[in-house]
Amino acid sequence: MLPERLLMTKLSQRLQDLHKTLREQQPHLTRVAVALYDDATGLVTTYAYSSDIKSPLLHYSASLQEVPSLQQLAVRGQARLVQDLTTFAEHPSEHTRALIKAGYRSSLTVPMHNNDQLLGFVFFNADQPNCFSRFQIPQLEIAAYAISLLIVQERTEVNTLQATMKSAIEVTHERNPETGEHLKRIAGFTRLIACEVATHFNLDDEFIEHLVQFSAMHDIGKISVPDQILLKPGKLTADEFEVMKTHTSRGRTLVDHLIRNHALESLDYIAMLRNIIELHHENWDGSGYPHGISGDEIPVEARIVATADVYDALTSERPYKDRLSTDQAVELMLAMRGVKLDPHCVDAFIKRLEDAELIRSRFAPDEHAELPPTDRDRR
């Protein structure tokens, strides 16, 4: 099966439709944007928007604790109205400064909750001060509630798929006990690369968020590899490596079964998940597997995850190899640039190397834990 094409997501489409409807009553409403909150990291991250111009805040995240105004909204569960953003001009936050520079003047921020859980925030912006009257605010709050329902539906479907695949991943880890920290590092490295190449590849925040969520599932197909191959401490024979290589196609088949069994065919970005699982071992020069496609034929999501996965493998200790230093790993990645790995992804990762090392330090493996017997792809 060859790469699948990604379509515009339902949320983006519905956000634009909603914005168009709201503007019939509020013509100065020039931007509707959504930011998601991740309870695990404490970060608020830009996600989707509809605007007359390119959003001034793309690929942006901030700790909720570092934004007291949003933190207060989250606790109180109430909307915040700012009729003139320039009143904060002397001491603006980064996001307020960006909005003012883009020409926005009025702002209404509505927190989104599912029961007691914070989902994120909806931002309504106008290009004129004093645009939101007390008669218009209830309409916008209803719109924000409708958006939150879409977010809840989307997350429920994603969580269902992730929970099912997590069970399969945990079984794999019992046989090949790679730590959960590995998956967190892969997700962190993936976000760094994706944000850095976003402009070049025209990736929006919705794409990046799903890419990060799905990156941990890239090796799900290893659950189908026999123990005598998966757990073999020495070098694989040619025949054994051929069996190992089937984990990409088998992973694609597995996720197709899970999607069908849980009726998740309508889930946004399913094509991305399939591409990551099946194609993250395709090489830039066409020497990879399972299809031997090359260059831009390989979906960008697979190329990004491959780059993140290579660095983590190089800098992780295995029974058959020592952990490489950062300099050694970078040297090898540069050698793979344009051969195994997408040059843009390698350059992006090296540009964010300092941030990558912080992620690796934060999610370092337990030095007292038993080392995984294999990283069977032999980076």
# chains A, B, ... in the order shown; residues from 1 in each chain; ligands from 1
call {"tool": "residues_around", "arguments": {"residues": "Ala98 of chain A", "least_positions_apart": "4", "cutoff": "7 Å", "atoms": "only C-alpha atoms", "output": "JSON, numbers by chain"}}
result
{"A": [56, 57, 94, 102]}
call {"tool": "closest_atom_pairs", "arguments": {"of": "segment 288-330 of chain A", "to": "segment 337-353 of chain A", "cutoff": "12 Å", "atoms": "only C-alpha atoms", "output": "CSV"}}
result
residue,atom,partner,partner_atom,distance
A:Gly288,CA,A:Lys340,CA,7.7
A:Tyr289,CA,A:Lys340,CA,11.2
A:Gly292,CA,A:Lys340,CA,11.5
A:Ile293,CA,A:Lys340,CA,11.5
A:Ser294,CA,A:Lys340,CA,9.4
A:Gly295,CA,A:Asp342,CA,7.2
A:Asp296,CA,A:Asp342,CA,8.8
A:Glu297,CA,A:Asp342,CA,11.3
A:Ile298,CA,A:Asp342,CA,9.4
A:Pro299,CA,A:Asp342,CA,10.6
A:Val300,CA,A:Asp342,CA,8.8
A:Glu301,CA,A:Cys345,CA,10.4
A:Ala302,CA,A:Asp342,CA,10.0
A:Arg303,CA,A:Asp342,CA,6.3
A:Ile304,CA,A:Cys345,CA,6.1
A:Val305,CA,A:Cys345,CA,9.3
A:Ala306,CA,A:Leu341,CA,7.4
A:Thr307,CA,A:Leu341,CA,6.4
A:Ala308,CA,A:Phe349,CA,8.0
A:Asp309,CA,A:Leu341,CA,10.8
A:Val310,CA,A:Leu341,CA,9.0
A:Tyr311,CA,A:Phe349,CA,9.1
A:Asp312,CA,A:Phe349,CA,11.7
A:Thr326,CA,A:Leu353,CA,8.9
A:Asp327,CA,A:Leu353,CA,10.4
A:Ala329,CA,A:Ile350,CA,10.4
A:Val330,CA,A:Ile350,CA,7.3
call {"tool": "atom_distance", "arguments": {"atom1": "atom CA of Asp39 of chain A", "atom2": "atom CA of Ser107 of chain A"}}
result
24.9 Å
call {"tool": "atom_distance", "arguments": {"atom1": "atom CA of Gly234 of chain A", "atom2": "atom CA of Thr248 of chain A"}}
result
21.5 Å
call {"tool": "residues_around", "arguments": {"residues": "segment 40-45 of chain A", "least_positions_apart": "3", "cutoff": "7 Å", "atoms": "only C-alpha atoms", "output": "JSON, numbers by chain"}}
result
{"A": [35, 36, 37, 60, 61, 62, 63, 64, 120]}
call {"tool": "residues_around", "arguments": {"residues": "Phe88 of chain A", "least_positions_apart": "5", "cutoff": "10 Å", "atoms": "only C-alpha atoms", "output": "ChimeraX atom specification"}}
result
/A:82,93,96-97,100
call {"tool": "closest_residue", "arguments": {"among": "A:His182, A:His28, A:Arg80, A:His95", "to": "Arg360 of chain A", "atoms": "only C-alpha atoms"}}
result
A:His182
call {"tool": "select_by_dssp", "arguments": {"residues": "segment 65-116 of chain A", "states": "helix (DSSP H, G or I)", "output": "list in words"}}
result
Gln65, Glu66, Pro68, Ser69, Leu70, Gln71, Gln72, Leu73, Ala74, Val75, Arg76, Leu85, Thr86, Thr87, Phe88, Glu94, His95, Thr96, Arg97, Ala98, Leu99, Ile100, Lys101 and Ala102 of chain A
call {"tool": "write_last_selection", "arguments": {"atoms": "C-alpha atoms", "output": "tab-separated table (two decimals), in the first residue's frame"}}
result
chain	number	residue	atom	x	y	z
A	65	GLN	CA	1.52	28.68	34.57
A	66	GLU	CA	3.45	31.38	32.73
A	68	PRO	CA	-1.62	34.11	34.56
A	69	SER	CA	-4.53	35.58	32.62
A	70	LEU	CA	-5.32	32.23	30.96
A	71	GLN	CA	-4.73	30.38	34.20
A	72	GLN	CA	-7.35	32.54	35.91
A	73	LEU	CA	-9.82	31.88	33.10
A	74	ALA	CA	-9.23	28.16	33.41
A	75	VAL	CA	-9.94	28.21	37.13
A	76	ARG	CA	-12.96	30.50	36.96
A	85	LEU	CA	-5.54	45.22	23.29
A	86	THR	CA	-3.32	48.28	23.02
A	87	THR	CA	-3.97	48.96	26.71
A	88	PHE	CA	-1.42	46.17	27.29
A	94	GLU	CA	4.32	37.46	23.47
A	95	HIS	CA	0.92	36.44	22.12
A	96	THR	CA	-0.64	39.84	22.84
A	97	ARG	CA	2.27	41.55	21.11
A	98	ALA	CA	1.75	39.34	18.05
A	99	LEU	CA	-1.98	40.11	17.93
A	100	ILE	CA	-1.44	43.86	18.18
A	101	LYS	CA	1.20	43.76	15.45
A	102	ALA	CA	-1.20	41.86	13.18
